[in-house]
Structures are given as structure tokens and as C-alpha cells.
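S.K.: This is final26.cif (mmCIF, C-alpha atoms).
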data_input
#
loop_
_atom_site.label_atom_id
_atom_site.label_comp_id
_atom_site.auth_asym_id
_atom_site.auth_seq_id
_atom_site.Cartn_x
_atom_site.Cartn_y
_atom_site.Cartn_z
CA MET A 1 0.00 0.00 0.00
CA ILE A 2 2.82 2.38 0.86
CA VAL A 3 4.71 1.44 -2.30
CA ALA A 4 1.50 1.50 -4.36
CA ARG A 5 0.61 4.99 -3.16
CA GLN A 6 4.06 6.30 -4.05
CA LYS A 7 4.17 4.60 -7.44
CA ARG A 8 0.67 5.89 -8.27
CA LYS A 9 1.89 9.45 -7.71
CA GLU A 10 5.12 9.05 -9.64
CA ASN A 11 4.71 6.54 -12.48
CA ILE A 12 1.42 5.01 -13.56
CA VAL A 13 3.13 2.22 -15.53
CA GLU A 14 5.20 1.10 -12.54
CA TYR A 15 2.08 1.37 -10.38
CA LEU A 16 0.06 -0.92 -12.62
CA ILE A 17 2.84 -3.51 -12.88
CA TYR A 18 3.17 -3.38 -9.09
CA MET A 19 -0.58 -3.85 -8.66
CA TRP A 20 -0.53 -6.88 -10.98
CA GLN A 21 2.25 -8.29 -8.80
CA VAL A 22 0.14 -7.66 -5.69
CA GLU A 23 -2.79 -9.49 -7.28
CA ASP A 24 -0.52 -12.46 -7.98
CA LEU A 25 0.92 -12.29 -4.46
CA ILE A 26 -2.58 -12.39 -3.01
CA ARG A 27 -3.37 -15.40 -5.21
CA ALA A 28 -0.13 -17.10 -4.11
CA CYS A 29 -1.29 -16.58 -0.51
CA HIS A 30 -4.66 -18.18 -1.40
CA LEU A 31 -6.53 -14.91 -0.66
CA ASN A 32 -5.82 -15.66 3.00
CA MET A 33 -5.04 -12.74 5.30
CA ASP A 34 -3.10 -14.95 7.72
CA GLU A 35 -0.73 -15.96 4.92
CA ILE A 36 -0.41 -12.35 3.74
CA GLU A 37 0.27 -11.29 7.31
CA SER A 38 2.99 -13.93 7.65
CA CYS A 39 4.62 -13.51 4.24
CA VAL A 40 4.21 -9.80 3.62
CA ILE A 41 2.95 -7.53 6.37
CA SER A 42 5.20 -8.97 9.09
CA GLN A 43 8.20 -7.95 6.95
CA TYR A 44 7.33 -4.25 7.11
CA ASP A 45 9.22 -2.18 9.63
CA GLN A 46 6.32 0.16 10.29
CA PRO A 47 4.37 1.39 13.30
CA GLU A 48 1.35 -0.71 14.23
CA ASN A 49 -1.15 1.88 12.94
CA THR A 50 0.53 1.76 9.51
CA LYS A 51 0.48 -2.04 9.55
CA ARG A 52 -3.26 -1.88 10.33
CA GLU A 53 -3.74 0.34 7.30
CA ILE A 54 -1.71 -2.10 5.17
CA ARG A 55 -3.78 -5.04 6.44
CA GLN A 56 -6.97 -3.22 5.55
CA TRP A 57 -5.61 -2.42 2.09
CA TYR A 58 -4.85 -6.10 1.44
CA GLN A 59 -8.22 -7.14 2.83
CA ASP A 60 -9.97 -4.63 0.56
CA LEU A 61 -8.08 -6.02 -2.45
CA ILE A 62 -9.01 -9.58 -1.48
CA ASP A 63 -12.65 -8.55 -1.19
CA MET A 64 -12.54 -6.86 -4.60
CA MET A 65 -10.95 -9.93 -6.18
CA ARG A 66 -13.66 -12.17 -4.75
CA ILE A 67 -16.54 -9.88 -5.65
CA GLU A 68 -15.22 -9.34 -9.18
CA GLY A 69 -14.46 -13.03 -9.74
CA VAL A 70 -10.76 -12.58 -10.43
CA THR A 71 -9.40 -14.89 -7.75
CA GLU A 72 -7.52 -17.08 -10.25
CA LYS A 73 -6.71 -14.74 -13.14
CA ARG A 74 -7.44 -11.37 -14.69
CA HIS A 75 -7.41 -8.04 -12.91
CA ILE A 76 -9.61 -6.07 -10.57
CA ARG A 77 -11.67 -3.20 -11.94
CA ILE A 78 -9.44 -0.44 -10.52
CA ASN A 79 -6.52 -1.85 -12.51
CA LYS A 80 -8.64 -2.33 -15.63
CA ASN A 81 -9.73 1.31 -15.34
CA ILE A 82 -6.11 2.44 -15.42
CA VAL A 83 -5.49 0.38 -18.56
CA ALA A 84 -8.60 2.01 -20.06
CA GLU A 85 -7.36 5.51 -19.14
CA LEU A 86 -3.95 4.77 -20.63
CA THR A 87 -5.55 3.33 -23.76
CA ASP A 88 -7.60 6.49 -24.13
CA LEU A 89 -4.49 8.65 -23.74
CA HIS A 90 -2.62 6.38 -26.19
CA LEU A 91 -5.31 6.88 -28.83
CA ARG A 92 -5.44 10.65 -28.27
CA LEU A 93 -1.66 10.91 -28.58
CA LEU A 94 -1.72 8.93 -31.82
CA LYS A 95 -4.40 11.24 -33.24
CA SER A 96 -2.67 14.44 -32.12
CA SER A 97 -1.03 16.40 -34.91
CA ARG A 98 1.36 17.89 -32.34
CA GLU A 99 2.58 14.54 -30.98
CA THR A 100 5.14 13.10 -33.36
CA VAL A 101 7.49 11.50 -30.82
CA TYR A 102 4.81 9.20 -29.44
CA GLY A 103 3.80 8.12 -32.92
CA SER A 104 7.39 7.26 -33.71
CA LEU A 105 7.76 5.21 -30.51
CA TYR A 106 4.47 3.47 -31.26
CA TYR A 107 5.47 2.46 -34.79
CA LYS A 108 8.80 1.13 -33.48
CA ALA A 109 6.95 -0.99 -30.90
CA LEU A 110 4.12 -2.03 -33.22
CA PRO A 111 5.75 -5.17 -34.70
CA ALA A 112 6.28 -6.56 -31.19
CA ILE A 113 2.73 -5.61 -30.19
CA VAL A 114 1.27 -7.30 -33.29
CA GLN A 115 3.33 -10.43 -32.69
CA LEU A 116 2.20 -10.60 -29.05
CA ARG A 117 -1.43 -10.03 -29.95
CA SER A 118 -1.28 -12.88 -32.46
CA LYS A 119 -0.20 -15.16 -29.60
CA SER A 120 -2.96 -14.03 -27.25
CA GLY A 121 -5.22 -16.93 -28.09
CA GLY A 122 -7.93 -14.75 -29.58
CA GLU A 123 -8.51 -12.80 -26.38
CA GLU A 124 -9.55 -9.25 -27.23
CA ILE A 125 -7.34 -6.87 -25.29
CA SER A 126 -6.12 -3.40 -26.15
CA GLU A 127 -2.68 -2.69 -27.49
CA ILE A 128 -1.77 -1.02 -24.22
CA GLU A 129 -2.86 -4.04 -22.16
CA THR A 130 -0.82 -6.17 -24.56
CA CYS A 131 2.19 -3.99 -23.77
CA PHE A 132 1.64 -4.41 -20.02
CA THR A 133 1.20 -8.15 -20.41
CA ALA A 134 4.50 -8.28 -22.32
CA ILE A 135 6.40 -6.30 -19.69
CA TYR A 136 4.89 -8.33 -16.86
CA GLY A 137 5.67 -11.60 -18.61
CA TYR A 138 9.22 -10.46 -19.24
CA LEU A 139 9.68 -9.60 -15.56
CA MET A 140 8.33 -13.01 -14.54
CA LEU A 141 10.76 -14.75 -16.91
CA LYS A 142 13.64 -12.74 -15.47
CA MET A 143 12.62 -13.61 -11.91
CA GLN A 144 12.54 -17.28 -12.87
CA LYS A 145 15.98 -16.85 -14.48
CA LYS A 146 14.68 -18.21 -17.78
CA GLU A 147 16.47 -17.58 -21.04
CA ILE A 148 15.07 -14.69 -23.05
CA SER A 149 15.81 -14.30 -26.74
CA ALA A 150 17.49 -11.19 -28.15
CA ASP A 151 14.39 -10.52 -30.29
CA THR A 152 12.18 -10.61 -27.20
CA ILE A 153 14.50 -8.25 -25.34
CA ASP A 154 14.49 -5.87 -28.30
CA GLY A 155 10.68 -5.92 -28.45
CA ILE A 156 10.45 -5.33 -24.71
CA LYS A 157 12.80 -2.34 -24.98
CA ARG A 158 10.62 -0.80 -27.67
CA ILE A 159 7.46 -1.44 -25.66
CA SER A 160 9.14 -0.07 -22.52
CA ASN A 161 10.07 3.14 -24.36
CA LEU A 162 6.48 3.53 -25.51
CA LEU A 163 5.07 2.95 -22.01
CA ALA A 164 7.64 5.26 -20.41
CA PHE A 165 6.59 8.07 -22.73
CA LEU A 166 2.94 7.29 -22.10
CA ALA A 167 3.53 7.37 -18.33
CA ALA A 168 5.23 10.76 -18.60
CA ARG A 169 2.33 12.15 -20.63
CA PHE A 170 -0.17 10.66 -18.19
CA TYR A 171 1.58 12.41 -15.31
CA GLU A 172 1.70 15.69 -17.26
CA GLU A 173 -1.99 15.40 -18.08
CA GLU A 174 -2.88 14.70 -14.46
CA THR A 175 -0.90 17.67 -13.20
CA SER A 176 -1.75 20.14 -15.99
CA PRO A 177 -4.64 18.87 -18.15
CA GLU A 178 -5.00 22.18 -20.02
CA SER A 179 -1.72 21.51 -21.84
CA PHE A 180 -3.30 18.59 -23.72
CA LYS A 181 -6.07 20.40 -25.52
CA GLU A 182 -5.81 20.36 -29.33
#
Please rewrite the model in this file as C-alpha cells.

M.R.:
Amino acid sequence: MIVARQKRKENIVEYLIYMWQVEDLIRACHLNMDEIESCVISQYDQPENTKREIRQWYQDLIDMMRIEGVTEKRHIRINKNIVAELTDLHLRLLKSSRETVYGSLYYKALPAIVQLRSKSGGEEISEIETCFTAIYGYLMLKMQKKEISADTIDGIKRISNLLAFLAARFYEEETSPESFKE
């Protein structure tokens, strides 16, 4: 919760990846607060009132996952909403006559995005969610110390550049929305 709050303020892409990790952590702990307490919360060097707040945050996420039926896979609505906001910004940046840098980054990343979407098993997800899925998958492979091809690394770099730019624009839009009017 502390990390999530900070990431949400600073970098929306890092925040969303972190939240996906938290969802998976909750699943790994079987949506059980005792396991989360033992594996996660007990590791925090925080005052008891902060730990209470962290416990409540995890409990709220567990409740959301149960209510929304995403206890085994997929993402809670608050995370889906961020993907939707970023997709909206992505489309606006592509349409903007003033935004040439983003378009260039997008077209450099597009072959990797298309390739990943073709492997999605027919699931309809946005290009931006495809990018997040790629980054998250890459991070999981690295954590498992699996071999990653040079082509995959190149595609991930291109996608990362696109998402980094998108995150910067998202932050700018949140802090000064009037600068994004056509």
C-alpha cells in the first residue's frame, strides 16, 4: 500500500505492474489474510497503525478480487480502469497532430505488439494491455531466471520506451490537463 501509493503518484506504468504483482501475491497466498500477514505484512518495519492500514488495504483487495471473480486470473476493476485511461491517452496521442514523438515510438513498438497479440489466443485486449502483459511476462521470466531471446529483449525495450513516454504524458496530463487540448 505504501509502495503503491508512491508509485501511483510518480509513475502510472510502474504502479500498474506493481498492482498486478500484488494481485498475484494475493493469489499465491490463497486470498488468505493470515498468509499475507505472515509472508508480507510482518516484513514491514512500520508502526502498528501503519500495519493496520496495510492489512486493511490487502483485505480490501481480497474482497474486490472475490466480488469481481478474479481470484484465479485477470485483474480487478481499478486496474482495468487504469489500462482504459492509458488506452484512451494512447489513442489521443496517436491522433494528435502535435505529438510526433509518441507516434514514432508506437510504430517502433508495433511489430512486437502485433506479434504478441497474435499469440494471445484470440482474447480481445487493447494494445496497451498487450504492452503491459508483455512487460509483466518479461519480468516473470527474469525472476525465474529463464532464457530470453534477443528478439524478445528488443521488443520489450521498444514497448518499454512507448510505455515510459505514455507514463510521462499521463503524469503531465494529471498535473496540468489544459496543456493537452488540441

S.K.: Have a look at CA of Glu68 (chain A) and CA of Cys39 (chain A) and let me know their distance in Å, one decimal.

M.R.: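 According to the coordinates, CA of Glu68 (chain A) and CA of Cys39 (chain A) are separated by 24.3 Å.
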
S.K.: Could you tell me which residues the PyMOL selection byres ((chain A and resi 8) around 12) returns for this structure, as a PyMOL selection string?

M.R.: chain A and resi 1-7+9-19+79+82+167+170-171+174

S.K.: Just to confirm, what's the straight-line distance from CA of Val101 (chain A) to CA of Leu162 (chain A) in Å (one decimal)?

M.R.: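 Between CA of Val101 (chain A) and CA of Leu162 (chain A) the gap is 9.6 Å.
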
S.K.: For a quick check of understanding, using all atoms listed in the file, which of A:Tyr106, A:Ile113, A:Asn49, A:Asp154 has the smallest distance to Leu93 (chain A)?

M.R.: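 Among A:Tyr106, A:Ile113, A:Asn49, A:Asp154, it is A:Tyr106 that comes nearest to Leu93 (chain A).
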
S.K.: Just want the 10 Å neighbourhood of Tyr58 (chain A), counted on only C-alpha atoms, with same-chain residues fewer than 3 positions away dropped. Output as a PyMOL selection string.

M.R.: chain A and resi 1+22-23+26+31-33+36-37+41+52-55+61-64

S.K.: So that I can check the surroundings of region 125-141 of chain A, please list as a ChimeraX atom specification every protein, DNA and RNA residue that reaches within 8 Å of it, counting only C-alpha atoms and ignoring chain neighbours fewer than 3 positions away.

M.R.: /A:17,83,86-87,90,113,116-117,144-148,156,159-160,163

S.K.: Give the answer as one residue: which of A:Met65, A:Ile78, A:Ala164, A:Leu91 has the shortest atom-to-atom distance to Arg27 (chain A), using all atoms listed in the file?

M.R.: A:Met65

S.K.: Just checking: using only C-alpha atoms, which residue out of A:Ala150, A:Val114, A:Glu35, A:Glu124 ends up closest to Gln59 (chain A)?

M.R.: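 Closest residue, counting only C-alpha atoms: A:Glu35.
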
S.K.: May I ask which of the residues A:Gly103, A:Leu94, A:Ala109, A:Arg169 is the closest one to Lys157 (chain A), counting only C-alpha atoms?

M.R.: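 Residue with the minimum atom-to-atom distance to Lys157 (chain A): A:Ala109.
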
S.K.: Quick one: pull the distance between CA of Asp34 (chain A) and CA of Asn81 (chain A), Å, one decimal.

M.R.: 29.0 Å

S.K.: Measuring atom to atom with all atoms listed in the file, identify which of A:Val40, A:Ala84, A:Leu110, A:Ile67 is nearest to Leu25 (chain A).

M.R.: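 Among the listed residues, the smallest separation from Leu25 (chain A) belongs to A:Val40.
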
S.K.: Would you kindly place N, CA, C and O atoms on region 39-59 of chain A and return the model as a PDB file, in the frame of the given file?

M.R.:
ATOM      1  N   CYS A  39       3.657 -13.649   5.336  1.00  0.00           N
ATOM      2  CA  CYS A  39       4.620 -13.510   4.240  1.00  0.00           C
ATOM      3  C   CYS A  39       4.962 -12.060   3.888  1.00  0.00           C
ATOM      4  O   CYS A  39       6.057 -11.798   3.398  1.00  0.00           O
ATOM      5  N   VAL A  40       4.028 -11.158   4.118  1.00  0.00           N
ATOM      6  CA  VAL A  40       4.210  -9.800   3.620  1.00  0.00           C
ATOM      7  C   VAL A  40       4.226  -8.768   4.746  1.00  0.00           C
ATOM      8  O   VAL A  40       5.237  -8.106   4.989  1.00  0.00           O
ATOM      9  N   ILE A  41       3.119  -8.630   5.411  1.00  0.00           N
ATOM     10  CA  ILE A  41       2.950  -7.530   6.370  1.00  0.00           C
ATOM     11  C   ILE A  41       3.954  -7.614   7.513  1.00  0.00           C
ATOM     12  O   ILE A  41       4.490  -6.588   7.950  1.00  0.00           O
ATOM     13  N   SER A  42       4.252  -8.819   7.976  1.00  0.00           N
ATOM     14  CA  SER A  42       5.200  -8.970   9.090  1.00  0.00           C
ATOM     15  C   SER A  42       6.601  -8.486   8.705  1.00  0.00           C
ATOM     16  O   SER A  42       7.409  -8.181   9.591  1.00  0.00           O
ATOM     17  N   GLN A  43       6.887  -8.393   7.404  1.00  0.00           N
ATOM     18  CA  GLN A  43       8.200  -7.950   6.950  1.00  0.00           C
ATOM     19  C   GLN A  43       8.369  -6.435   6.981  1.00  0.00           C
ATOM     20  O   GLN A  43       9.487  -5.933   6.904  1.00  0.00           O
ATOM     21  N   TYR A  44       7.270  -5.719   7.085  1.00  0.00           N
ATOM     22  CA  TYR A  44       7.330  -4.250   7.110  1.00  0.00           C
ATOM     23  C   TYR A  44       7.817  -3.761   8.465  1.00  0.00           C
ATOM     24  O   TYR A  44       7.325  -4.184   9.508  1.00  0.00           O
ATOM     25  N   ASP A  45       8.757  -2.843   8.417  1.00  0.00           N
ATOM     26  CA  ASP A  45       9.220  -2.180   9.630  1.00  0.00           C
ATOM     27  C   ASP A  45       8.450  -0.868   9.742  1.00  0.00           C
ATOM     28  O   ASP A  45       8.947   0.192   9.367  1.00  0.00           O
ATOM     29  N   GLN A  46       7.220  -0.988  10.212  1.00  0.00           N
ATOM     30  CA  GLN A  46       6.320   0.160  10.290  1.00  0.00           C
ATOM     31  C   GLN A  46       5.624   0.168  11.640  1.00  0.00           C
ATOM     32  O   GLN A  46       5.460  -0.885  12.266  1.00  0.00           O
ATOM     33  N   PRO A  47       5.160   1.330  12.068  1.00  0.00           N
ATOM     34  CA  PRO A  47       4.370   1.390  13.300  1.00  0.00           C
ATOM     35  C   PRO A  47       3.083   0.569  13.150  1.00  0.00           C
ATOM     36  O   PRO A  47       2.602   0.338  12.033  1.00  0.00           O
ATOM     37  N   GLU A  48       2.525   0.160  14.254  1.00  0.00           N
ATOM     38  CA  GLU A  48       1.350  -0.710  14.230  1.00  0.00           C
ATOM     39  C   GLU A  48       0.167  -0.069  13.497  1.00  0.00           C
ATOM     40  O   GLU A  48      -0.564  -0.749  12.778  1.00  0.00           O
ATOM     41  N   ASN A  49      -0.027   1.233  13.640  1.00  0.00           N
ATOM     42  CA  ASN A  49      -1.150   1.880  12.940  1.00  0.00           C
ATOM     43  C   ASN A  49      -0.972   1.817  11.421  1.00  0.00           C
ATOM     44  O   ASN A  49      -1.934   1.650  10.681  1.00  0.00           O
ATOM     45  N   THR A  50       0.262   1.893  10.941  1.00  0.00           N
ATOM     46  CA  THR A  50       0.530   1.760   9.510  1.00  0.00           C
ATOM     47  C   THR A  50       0.291   0.323   9.066  1.00  0.00           C
ATOM     48  O   THR A  50      -0.288   0.076   8.004  1.00  0.00           O
ATOM     49  N   LYS A  51       0.717  -0.627   9.884  1.00  0.00           N
ATOM     50  CA  LYS A  51       0.480  -2.040   9.550  1.00  0.00           C
ATOM     51  C   LYS A  51      -1.020  -2.335   9.499  1.00  0.00           C
ATOM     52  O   LYS A  51      -1.466  -3.109   8.651  1.00  0.00           O
ATOM     53  N   ARG A  52      -1.797  -1.713  10.376  1.00  0.00           N
ATOM     54  CA  ARG A  52      -3.260  -1.880  10.330  1.00  0.00           C
ATOM     55  C   ARG A  52      -3.816  -1.380   9.003  1.00  0.00           C
ATOM     56  O   ARG A  52      -4.670  -2.012   8.392  1.00  0.00           O
ATOM     57  N   GLU A  53      -3.308  -0.239   8.578  1.00  0.00           N
ATOM     58  CA  GLU A  53      -3.740   0.340   7.300  1.00  0.00           C
ATOM     59  C   GLU A  53      -3.355  -0.594   6.142  1.00  0.00           C
ATOM     60  O   GLU A  53      -4.145  -0.799   5.216  1.00  0.00           O
ATOM     61  N   ILE A  54      -2.174  -1.166   6.204  1.00  0.00           N
ATOM     62  CA  ILE A  54      -1.710  -2.100   5.170  1.00  0.00           C
ATOM     63  C   ILE A  54      -2.590  -3.350   5.162  1.00  0.00           C
ATOM     64  O   ILE A  54      -3.000  -3.822   4.099  1.00  0.00           O
ATOM     65  N   ARG A  55      -2.886  -3.872   6.347  1.00  0.00           N
ATOM     66  CA  ARG A  55      -3.780  -5.040   6.440  1.00  0.00           C
ATOM     67  C   ARG A  55      -5.116  -4.749   5.789  1.00  0.00           C
ATOM     68  O   ARG A  55      -5.649  -5.568   5.036  1.00  0.00           O
ATOM     69  N   GLN A  56      -5.666  -3.585   6.110  1.00  0.00           N
ATOM     70  CA  GLN A  56      -6.970  -3.220   5.550  1.00  0.00           C
ATOM     71  C   GLN A  56      -6.895  -3.101   4.033  1.00  0.00           C
ATOM     72  O   GLN A  56      -7.813  -3.516   3.327  1.00  0.00           O
ATOM     73  N   TRP A  57      -5.795  -2.556   3.535  1.00  0.00           N
ATOM     74  CA  TRP A  57      -5.610  -2.420   2.090  1.00  0.00           C
ATOM     75  C   TRP A  57      -5.619  -3.795   1.421  1.00  0.00           C
ATOM     76  O   TRP A  57      -6.310  -3.998   0.426  1.00  0.00           O
ATOM     77  N   TYR A  58      -4.858  -4.730   1.988  1.00  0.00           N
ATOM     78  CA  TYR A  58      -4.850  -6.100   1.440  1.00  0.00           C
ATOM     79  C   TYR A  58      -6.221  -6.744   1.546  1.00  0.00           C
ATOM     80  O   TYR A  58      -6.674  -7.399   0.607  1.00  0.00           O
ATOM     81  N   GLN A  59      -6.888  -6.557   2.671  1.00  0.00           N
ATOM     82  CA  GLN A  59      -8.220  -7.140   2.830  1.00  0.00           C
ATOM     83  C   GLN A  59      -9.191  -6.570   1.806  1.00  0.00           C
ATOM     84  O   GLN A  59      -9.991  -7.301   1.219  1.00  0.00           O
TER      85      GLN A  59
END
